Amino acid sequence: MKHLLIAAHPGHELLLWKWLRKERPQVVVLTDGAGSNGVPRLGSTVDNLERAGASWLPQVLAPVADTAIYQALLDGDTAMFARWLDALTAHVIEQNIECIVADEAEDYNPSHDLCRVLANQVALQAKANGHPVLSFGYPTVGHPCPPARLAAEEHVVVELGVQEWRSKLDDLYGYTRSFGGQLQREFEGFIAEFGAEAYGRECLFTAQPTRYEQAEAPATKPFFESAGEERVAAGIYKHVIRGAHLQAVAEHLRGHAR
């Protein structure tokens with residue numbers, strides 16, 4: 001089966017450490033990973049993909065800075081996202097991709113949620129063109145294999161052997177420490193909360209429409225809105241990205257696909 005992985009950020013591929021080696025997918029990454037420190041992370045991700053036997057496809061989708069995505073969301077400028085949708089859909093059909101895997105929408109980071117919206121729309125557009133595909137998501141924050149979801153949702157689980165698990169952890173620790181900052185703090189926080197053993201399984205869940213595509217209000221304020229408000233108050237940002245910005249993109253892409 002031919003797989004396409006769509007990831008919002010460099011480094012996400014390490015969460016699917018064994019799955020990459022098992023399926024050897026084609027991979028696109030939306031951003032270069034240059035967050036607040038301005039240091040891109042693509043080089044390390046390209047190395048990770050090569051070691052796993054996966055294929056990076058910058059010719060299909062060239063990564064941009066997170067700030068470019070944020071500004072487009074704030075401006076309501078969907079041109080770049082529509083180009084991505086067209087390019088990815090064409091690639092899926094032309095290359096006979098049978099399964100799309102992408103970040104889940106977790107109300108944590110706008111680029112993550114945009115990635116899920118984009119993957120959903122690619123799958124829908126491919127199906128509309130006579131090329132149905134399987135579509136899965138994987139958690140990028142929080143527990144990598146939540147037991148409650150395993151009991152309630154359709155899923156695929158990849159189990160790691162002890163040495164594979166240790167190698168995966170070595171790569172995760174090495175990657176996050178090499179870039180430090182928020183990336184390292186986030187990963188160490190996940191390890192502290194869920195335990196290193198949680199990363200011994202990789203879980204893919206059948207993709208679902210996001211609340212943005214269904215025009216649903218969140219149960220609680222998204223983390224990215226709260227964090228944005230704090231940074232605006234601190235004078236770091238000028239504007240806050242809201243769920244409404246992502247809903248507007250979802251509506252435009254749905255109409256663009258039609």
# chains A, B, ... in the order shown; residues from 1 in each chain; ligands from 1

call {"tool": "residues_around", "arguments": {"residues": "Ser226 (chain A)", "least_positions_apart": "4", "cutoff": "10 Å", "atoms": "only C-alpha atoms", "output": "list in words"}}
result
Tyr108, Lys221, Pro222, Glu230, Arg231, Val232, Val240, Ile241 and Arg242 of chain A

call {"tool": "closest_atom_pairs", "arguments": {"of": "region 133-199 of chain A", "to": "region 39-56 of chain A", "cutoff": "12 Å", "atoms": "only C-alpha atoms", "output": "tab-separated table"}}
result
residue	atom	partner	partner_atom	distance
A:Lys168	CA	A:Asn48	CA	10.9
A:Asp171	CA	A:Asn48	CA	8.8
A:Leu172	CA	A:Asn48	CA	10.6
A:Gly174	CA	A:Ser44	CA	10.5
A:Tyr175	CA	A:Ser44	CA	7.7
A:Thr176	CA	A:Arg41	CA	10.3
A:Ser178	CA	A:Ser44	CA	9.7
A:Phe179	CA	A:Arg41	CA	8.0
A:Gly180	CA	A:Val39	CA	10.7
A:Gly181	CA	A:Val39	CA	11.0
A:Leu183	CA	A:Arg41	CA	11.0

call {"tool": "write_last_selection", "arguments": {"atoms": "C-alpha atoms", "output": "PDB file, in the first residue's frame"}}
result
ATOM      1  CA  LYS A 168      13.000   5.845  19.113  1.00  0.00           C
ATOM      2  CA  ASP A 171      16.077   9.904  18.520  1.00  0.00           C
ATOM      3  CA  LEU A 172      13.308  11.898  20.219  1.00  0.00           C
ATOM      4  CA  GLY A 174      18.394  13.829  20.672  1.00  0.00           C
ATOM      5  CA  TYR A 175      16.181  15.790  18.302  1.00  0.00           C
ATOM      6  CA  THR A 176      14.450  17.874  20.958  1.00  0.00           C
ATOM      7  CA  SER A 178      19.490  19.662  19.754  1.00  0.00           C
ATOM      8  CA  PHE A 179      16.936  22.435  19.213  1.00  0.00           C
ATOM      9  CA  GLY A 180      16.077  23.064  22.857  1.00  0.00           C
ATOM     10  CA  GLY A 181      13.597  25.739  23.857  1.00  0.00           C
ATOM     11  CA  LEU A 183      10.319  21.885  21.678  1.00  0.00           C
TER      12      LEU A 183
END

call {"tool": "closest_residue", "arguments": {"among": "A:Asp75, A:Tyr173, A:Val92, A:Pro146", "to": "Arg185 (chain A)", "atoms": "only C-alpha atoms"}}
result
A:Tyr173

call {"tool": "atom_distance", "arguments": {"atom1": "CA of Tyr138 (chain A)", "atom2": "CA of Leu204 (chain A)"}}
result
4.9 Å

call {"tool": "select_by_dssp", "arguments": {"residues": "region 1-138 of chain A", "states": "helix (DSSP H, G or I)", "output": "ChimeraX atom specification"}}
result
/A:12-23,42-52,66-75,79-94,110-128

call {"tool": "closest_residue", "arguments": {"among": "A:Pro110, A:Lys22, A:Ala217, A:Leu150", "to": "Leu74 (chain A)", "atoms": "only C-alpha atoms"}}
result
A:Pro110

call {"tool": "select_by_dssp", "arguments": {"residues": "region 15-189 of chain A", "states": "strand (DSSP E)", "output": "list in words"}}
result
Gln26, Val27, Val28, Val29, Ser55, Trp56, Cys99, Ile100, Val101, Ala102, Asp103, Leu134, Ser135, Phe136, Gly137, Tyr138, His155, Val156, Val157, Val158 and Glu159 of chain A

call {"tool": "residues_around", "arguments": {"residues": "Gln71 (chain A)", "least_positions_apart": "6", "cutoff": "12 Å", "atoms": "only C-alpha atoms", "output": "MDAnalysis selection string"}}
result
chainID A and resid 64:65 77:78 80 110:111 237:241 245:246

call {"tool": "residues_around", "arguments": {"residues": "region 247-256 of chain A", "least_positions_apart": "2", "cutoff": "7 Å", "atoms": "only C-alpha atoms", "output": "compact mmCIF listing (two decimals) with all heavy atoms, in the first residue's frame"}}
result
# COMPACT_ATOMS: atom_id res chain seq x y z
N THR A 78 -6.35 32.60 1.66
CA THR A 78 -6.35 31.14 1.52
C THR A 78 -5.66 30.66 0.26
O THR A 78 -5.68 29.46 -0.03
CB THR A 78 -7.80 30.63 1.53
OG1 THR A 78 -8.51 31.25 0.45
CG2 THR A 78 -8.50 30.95 2.84
N ALA A 82 -5.03 26.76 -0.79
CA ALA A 82 -5.71 26.19 -1.95
C ALA A 82 -4.70 25.56 -2.91
O ALA A 82 -4.97 24.49 -3.49
CB ALA A 82 -6.53 27.27 -2.67
N VAL A 117 -7.17 19.65 8.57
CA VAL A 117 -8.18 20.14 7.63
C VAL A 117 -7.73 19.87 6.20
O VAL A 117 -8.50 19.38 5.37
CB VAL A 117 -8.43 21.64 7.84
CG1 VAL A 117 -9.29 22.22 6.71
CG2 VAL A 117 -9.12 21.89 9.19
N GLN A 121 -9.52 17.41 3.36
CA GLN A 121 -10.01 17.92 2.09
C GLN A 121 -9.33 17.24 0.90
O GLN A 121 -9.95 17.03 -0.14
CB GLN A 121 -9.83 19.44 2.03
CG GLN A 121 -10.69 20.20 3.02
CD GLN A 121 -12.17 19.90 2.85
OE1 GLN A 121 -12.70 19.91 1.73
NE2 GLN A 121 -12.84 19.60 3.95
N TYR A 212 -13.85 22.55 12.67
CA TYR A 212 -13.83 23.67 11.74
C TYR A 212 -14.64 23.35 10.49
O TYR A 212 -15.36 24.19 9.97
CB TYR A 212 -12.39 24.00 11.33
CG TYR A 212 -11.45 24.14 12.50
CD1 TYR A 212 -10.45 23.18 12.73
CD2 TYR A 212 -11.56 25.18 13.41
CE1 TYR A 212 -9.59 23.29 13.80
CE2 TYR A 212 -10.70 25.30 14.49
CZ TYR A 212 -9.72 24.35 14.69
OH TYR A 212 -8.87 24.45 15.75
N GLU A 213 -14.53 22.13 10.02
CA GLU A 213 -15.28 21.70 8.84
C GLU A 213 -16.76 21.53 9.13
O GLU A 213 -17.59 21.61 8.24
CB GLU A 213 -14.69 20.40 8.30
CG GLU A 213 -13.27 20.56 7.76
CD GLU A 213 -12.52 19.26 7.71
OE1 GLU A 213 -12.18 18.69 8.76
OE2 GLU A 213 -12.25 18.80 6.58
N ALA A 215 -18.28 23.42 11.50
CA ALA A 215 -18.74 24.69 12.09
C ALA A 215 -19.25 24.50 13.51
O ALA A 215 -20.29 25.03 13.91
CB ALA A 215 -19.81 25.33 11.22
N GLY A 243 -10.13 30.10 16.43
CA GLY A 243 -10.71 28.99 15.69
C GLY A 243 -11.49 29.47 14.48
O GLY A 243 -11.57 28.77 13.46
N ALA A 244 -12.06 30.66 14.56
CA ALA A 244 -12.82 31.20 13.44
C ALA A 244 -11.95 31.39 12.21
O ALA A 244 -12.44 31.26 11.07
CB ALA A 244 -13.46 32.54 13.84
N HIS A 245 -10.67 31.68 12.40
CA HIS A 245 -9.77 31.82 11.26
C HIS A 245 -9.61 30.48 10.53
O HIS A 245 -9.62 30.42 9.30
CB HIS A 245 -8.39 32.32 11.73
CG HIS A 245 -8.41 33.72 12.25
ND1 HIS A 245 -8.22 34.01 13.58
CD2 HIS A 245 -8.60 34.92 11.63
CE1 HIS A 245 -8.27 35.32 13.75
NE2 HIS A 245 -8.51 35.89 12.59
N ARG A 258 -14.98 21.81 -4.47
CA ARG A 258 -16.16 21.61 -5.30
C ARG A 258 -15.98 22.26 -6.67
O ARG A 258 -16.43 21.76 -7.67
CB ARG A 258 -17.41 22.17 -4.60
CG ARG A 258 -17.91 21.29 -3.48
CD ARG A 258 -19.35 21.67 -3.14
NE ARG A 258 -19.43 23.05 -2.63
CZ ARG A 258 -19.38 23.38 -1.35
NH1 ARG A 258 -19.21 22.45 -0.44
NH2 ARG A 258 -19.48 24.62 -0.95

call {"tool": "atom_distance", "arguments": {"atom1": "CA of Ala233 (chain A)", "atom2": "CA of Glu193 (chain A)"}}
result
28.6 Å

call {"tool": "residues_around", "arguments": {"residues": "Thr140 (chain A)", "least_positions_apart": "2", "cutoff": "12 Å", "atoms": "only C-alpha atoms", "output": "PDB file with C-alpha atoms, in the first residue's frame"}}
result
ATOM      1  CA  ALA A   7       2.981  16.660   8.871  1.00  0.00           C
ATOM      2  CA  ALA A   8       2.688  20.219  10.095  1.00  0.00           C
ATOM      3  CA  HIS A   9       6.174  20.421  11.588  1.00  0.00           C
ATOM      4  CA  PRO A  10       9.574  18.796  11.245  1.00  0.00           C
ATOM      5  CA  GLY A  11      10.062  16.327  14.079  1.00  0.00           C
ATOM      6  CA  HIS A  12       6.554  14.898  13.948  1.00  0.00           C
ATOM      7  CA  GLU A  13       7.919  12.021  11.899  1.00  0.00           C
ATOM      8  CA  LEU A  14       9.695  10.708  15.000  1.00  0.00           C
ATOM      9  CA  LEU A  15       6.331  10.045  16.644  1.00  0.00           C
ATOM     10  CA  LEU A  16       5.797   7.442  13.902  1.00  0.00           C
ATOM     11  CA  ALA A 102      -1.661  13.344   8.969  1.00  0.00           C
ATOM     12  CA  ASP A 103      -1.570  15.253  12.241  1.00  0.00           C
ATOM     13  CA  GLU A 104      -4.774  15.379  14.221  1.00  0.00           C
ATOM     14  CA  ALA A 105      -6.568  18.608  15.136  1.00  0.00           C
ATOM     15  CA  GLU A 106      -6.007  18.918  18.877  1.00  0.00           C
ATOM     16  CA  ASP A 107      -6.695  22.625  19.552  1.00  0.00           C
ATOM     17  CA  TYR A 108      -3.016  23.007  20.415  1.00  0.00           C
ATOM     18  CA  ASN A 109      -1.307  24.614  17.430  1.00  0.00           C
ATOM     19  CA  SER A 111      -0.558  24.630  11.971  1.00  0.00           C
ATOM     20  CA  HIS A 112      -1.409  21.179  13.338  1.00  0.00           C
ATOM     21  CA  ASP A 113      -5.139  21.802  12.964  1.00  0.00           C
ATOM     22  CA  CYS A 115      -2.745  20.111   8.552  1.00  0.00           C
ATOM     23  CA  ARG A 116      -5.723  17.945   9.532  1.00  0.00           C
ATOM     24  CA  GLY A 137      -4.658  10.760  12.063  1.00  0.00           C
ATOM     25  CA  TYR A 138      -2.143  10.474  14.874  1.00  0.00           C
ATOM     26  CA  GLY A 142      -0.802  14.388  24.696  1.00  0.00           C
ATOM     27  CA  HIS A 143      -0.850  10.618  25.040  1.00  0.00           C
ATOM     28  CA  PRO A 144       0.243   8.878  21.814  1.00  0.00           C
ATOM     29  CA  CYS A 145      -2.201   5.975  22.305  1.00  0.00           C
ATOM     30  CA  PRO A 146      -5.093   7.022  24.592  1.00  0.00           C
ATOM     31  CA  GLU A 186       7.095  20.135  25.482  1.00  0.00           C
ATOM     32  CA  PHE A 187       8.577  16.686  24.920  1.00  0.00           C
ATOM     33  CA  PHE A 190       4.914  14.674  27.786  1.00  0.00           C
ATOM     34  CA  TYR A 199       6.004   5.796  23.164  1.00  0.00           C
ATOM     35  CA  GLU A 202       2.216   4.126  17.595  1.00  0.00           C
ATOM     36  CA  CYS A 203      -1.512   4.588  17.075  1.00  0.00           C
ATOM     37  CA  LEU A 204      -3.298   5.792  13.963  1.00  0.00           C
TER      38      LEU A 204
END

call {"tool": "residues_around", "arguments": {"residues": "His3 (chain A)", "least_positions_apart": "5", "cutoff": "6 Å", "atoms": "only C-alpha atoms", "output": "ChimeraX atom specification"}}
result
/A:25,97,99-100

call {"tool": "write_last_selection", "arguments": {"atoms": "N, CA and C atoms", "output": "PDB file, in the first residue's frame"}}
result
ATOM      1  N   PRO A  25       6.624   5.703   3.783  1.00  0.00           N
ATOM      2  CA  PRO A  25       5.708   6.591   3.067  1.00  0.00           C
ATOM      3  C   PRO A  25       6.421   7.702   2.316  1.00  0.00           C
ATOM      4  N   ILE A  97      -1.728   7.020  -4.513  1.00  0.00           N
ATOM      5  CA  ILE A  97      -1.628   6.914  -3.055  1.00  0.00           C
ATOM      6  C   ILE A  97      -2.903   6.274  -2.537  1.00  0.00           C
ATOM      7  N   CYS A  99      -3.342   5.599   1.011  1.00  0.00           N
ATOM      8  CA  CYS A  99      -3.613   5.941   2.405  1.00  0.00           C
ATOM      9  C   CYS A  99      -2.916   7.250   2.759  1.00  0.00           C
ATOM     10  N   ILE A 100      -3.674   8.163   3.363  1.00  0.00           N
ATOM     11  CA  ILE A 100      -3.130   9.436   3.848  1.00  0.00           C
ATOM     12  C   ILE A 100      -3.098   9.401   5.367  1.00  0.00           C
TER      13      ILE A 100
END

call {"tool": "decode", "arguments": {"residues": "region 59-73 of chain A", "atoms": "all heavy atoms", "output": "CSV table (one decimal), in the first residue's frame"}}
result
chain,number,residue,atom,x,y,z
A,59,GLN,N,9.2,19.0,-3.7
A,59,GLN,CA,8.7,19.4,-5.0
A,59,GLN,C,7.2,19.5,-5.1
A,59,GLN,O,6.6,20.1,-5.9
A,59,GLN,CB,9.3,18.6,-6.1
A,59,GLN,CG,8.7,17.1,-6.1
A,59,GLN,CD,9.5,16.2,-5.2
A,59,GLN,OE1,10.1,16.6,-4.3
A,59,GLN,NE2,9.4,14.9,-5.5
A,60,VAL,N,6.5,18.7,-4.2
A,60,VAL,CA,5.0,18.7,-4.1
A,60,VAL,C,4.5,19.8,-3.2
A,60,VAL,O,3.6,20.5,-3.6
A,60,VAL,CB,4.5,17.4,-3.7
A,60,VAL,CG1,3.0,17.4,-3.5
A,60,VAL,CG2,4.9,16.3,-4.6
A,61,LEU,N,5.2,20.0,-2.1
A,61,LEU,CA,4.8,21.1,-1.2
A,61,LEU,C,6.1,21.6,-0.5
A,61,LEU,O,6.7,20.8,0.3
A,61,LEU,CB,3.8,20.5,-0.1
A,61,LEU,CG,3.1,21.6,0.8
A,61,LEU,CD1,1.8,21.0,1.3
A,61,LEU,CD2,4.0,22.0,1.9
A,62,ALA,N,6.4,22.8,-0.8
A,62,ALA,CA,7.6,23.4,-0.2
A,62,ALA,C,7.3,24.0,1.1
A,62,ALA,O,6.4,24.9,1.2
A,62,ALA,CB,8.2,24.5,-1.2
A,63,PRO,N,8.0,23.6,2.2
A,63,PRO,CA,7.7,24.1,3.5
A,63,PRO,C,7.9,25.6,3.6
A,63,PRO,O,8.7,26.2,3.0
A,63,PRO,CB,8.7,23.4,4.4
A,63,PRO,CG,9.1,22.1,3.6
A,63,PRO,CD,9.0,22.6,2.2
A,64,VAL,N,7.0,26.2,4.5
A,64,VAL,CA,7.1,27.7,4.7
A,64,VAL,C,7.3,27.9,6.2
A,64,VAL,O,7.2,26.9,7.0
A,64,VAL,CB,5.9,28.4,4.3
A,64,VAL,CG1,5.6,28.2,2.8
A,64,VAL,CG2,4.6,27.9,5.1
A,65,ALA,N,7.6,29.1,6.6
A,65,ALA,CA,7.7,29.4,8.1
A,65,ALA,C,6.3,29.4,8.7
A,65,ALA,O,5.3,29.7,8.1
A,65,ALA,CB,8.4,30.8,8.3
A,66,ASP,N,6.3,29.0,10.0
A,66,ASP,CA,5.0,29.1,10.7
A,66,ASP,C,4.4,30.5,10.6
A,66,ASP,O,3.2,30.6,10.5
A,66,ASP,CB,5.2,28.7,12.2
A,66,ASP,CG,5.0,27.3,12.5
A,66,ASP,OD1,3.9,26.8,12.3
A,66,ASP,OD2,6.0,26.6,12.9
A,67,THR,N,5.2,31.5,10.6
A,67,THR,CA,4.7,32.9,10.6
A,67,THR,C,4.0,33.1,9.3
A,67,THR,O,3.0,33.9,9.3
A,67,THR,CB,5.9,33.9,10.7
A,67,THR,OG1,6.9,33.6,9.8
A,67,THR,CG2,6.5,33.8,12.1
A,68,ALA,N,4.4,32.5,8.2
A,68,ALA,CA,3.6,32.6,6.9
A,68,ALA,C,2.2,32.0,7.0
A,68,ALA,O,1.3,32.6,6.5
A,68,ALA,CB,4.4,32.0,5.8
A,69,ILE,N,2.1,30.9,7.7
A,69,ILE,CA,0.8,30.3,7.9
A,69,ILE,C,0.0,31.2,8.8
A,69,ILE,O,-1.2,31.5,8.6
A,69,ILE,CB,0.9,28.9,8.5
A,69,ILE,CG1,1.5,27.9,7.4
A,69,ILE,CG2,-0.4,28.4,9.1
A,69,ILE,CD1,1.7,26.5,7.9
A,70,TYR,N,0.6,31.7,9.9
A,70,TYR,CA,-0.2,32.5,10.9
A,70,TYR,C,-0.7,33.8,10.2
A,70,TYR,O,-1.8,34.2,10.4
A,70,TYR,CB,0.7,32.8,12.1
A,70,TYR,CG,1.2,31.7,12.9
A,70,TYR,CD1,2.3,31.8,13.8
A,70,TYR,CD2,0.6,30.4,12.8
A,70,TYR,CE1,2.7,30.7,14.5
A,70,TYR,CE2,1.0,29.3,13.5
A,70,TYR,CZ,2.1,29.5,14.4
A,70,TYR,OH,2.5,28.4,15.1
A,71,GLN,N,0.2,34.4,9.4
A,71,GLN,CA,-0.3,35.6,8.8
A,71,GLN,C,-1.4,35.4,7.8
A,71,GLN,O,-2.3,36.2,7.7
A,71,GLN,CB,0.9,36.3,8.1
A,71,GLN,CG,0.7,37.8,7.7
A,71,GLN,CD,0.3,38.6,8.9
A,71,GLN,OE1,1.1,38.7,9.9
A,71,GLN,NE2,-0.8,39.3,8.9
A,72,ALA,N,-1.3,34.3,7.0
A,72,ALA,CA,-2.3,34.0,6.1
A,72,ALA,C,-3.6,33.7,6.8
A,72,ALA,O,-4.7,34.1,6.3
A,72,ALA,CB,-1.9,32.7,5.2
A,73,LEU,N,-3.6,33.0,7.9
A,73,LEU,CA,-4.8,32.8,8.7
A,73,LEU,C,-5.4,34.1,9.2
A,73,LEU,O,-6.6,34.3,9.0
A,73,LEU,CB,-4.5,31.9,9.9
A,73,LEU,CG,-4.2,30.4,9.6
A,73,LEU,CD1,-3.7,29.7,10.9
A,73,LEU,CD2,-5.4,29.7,9.0
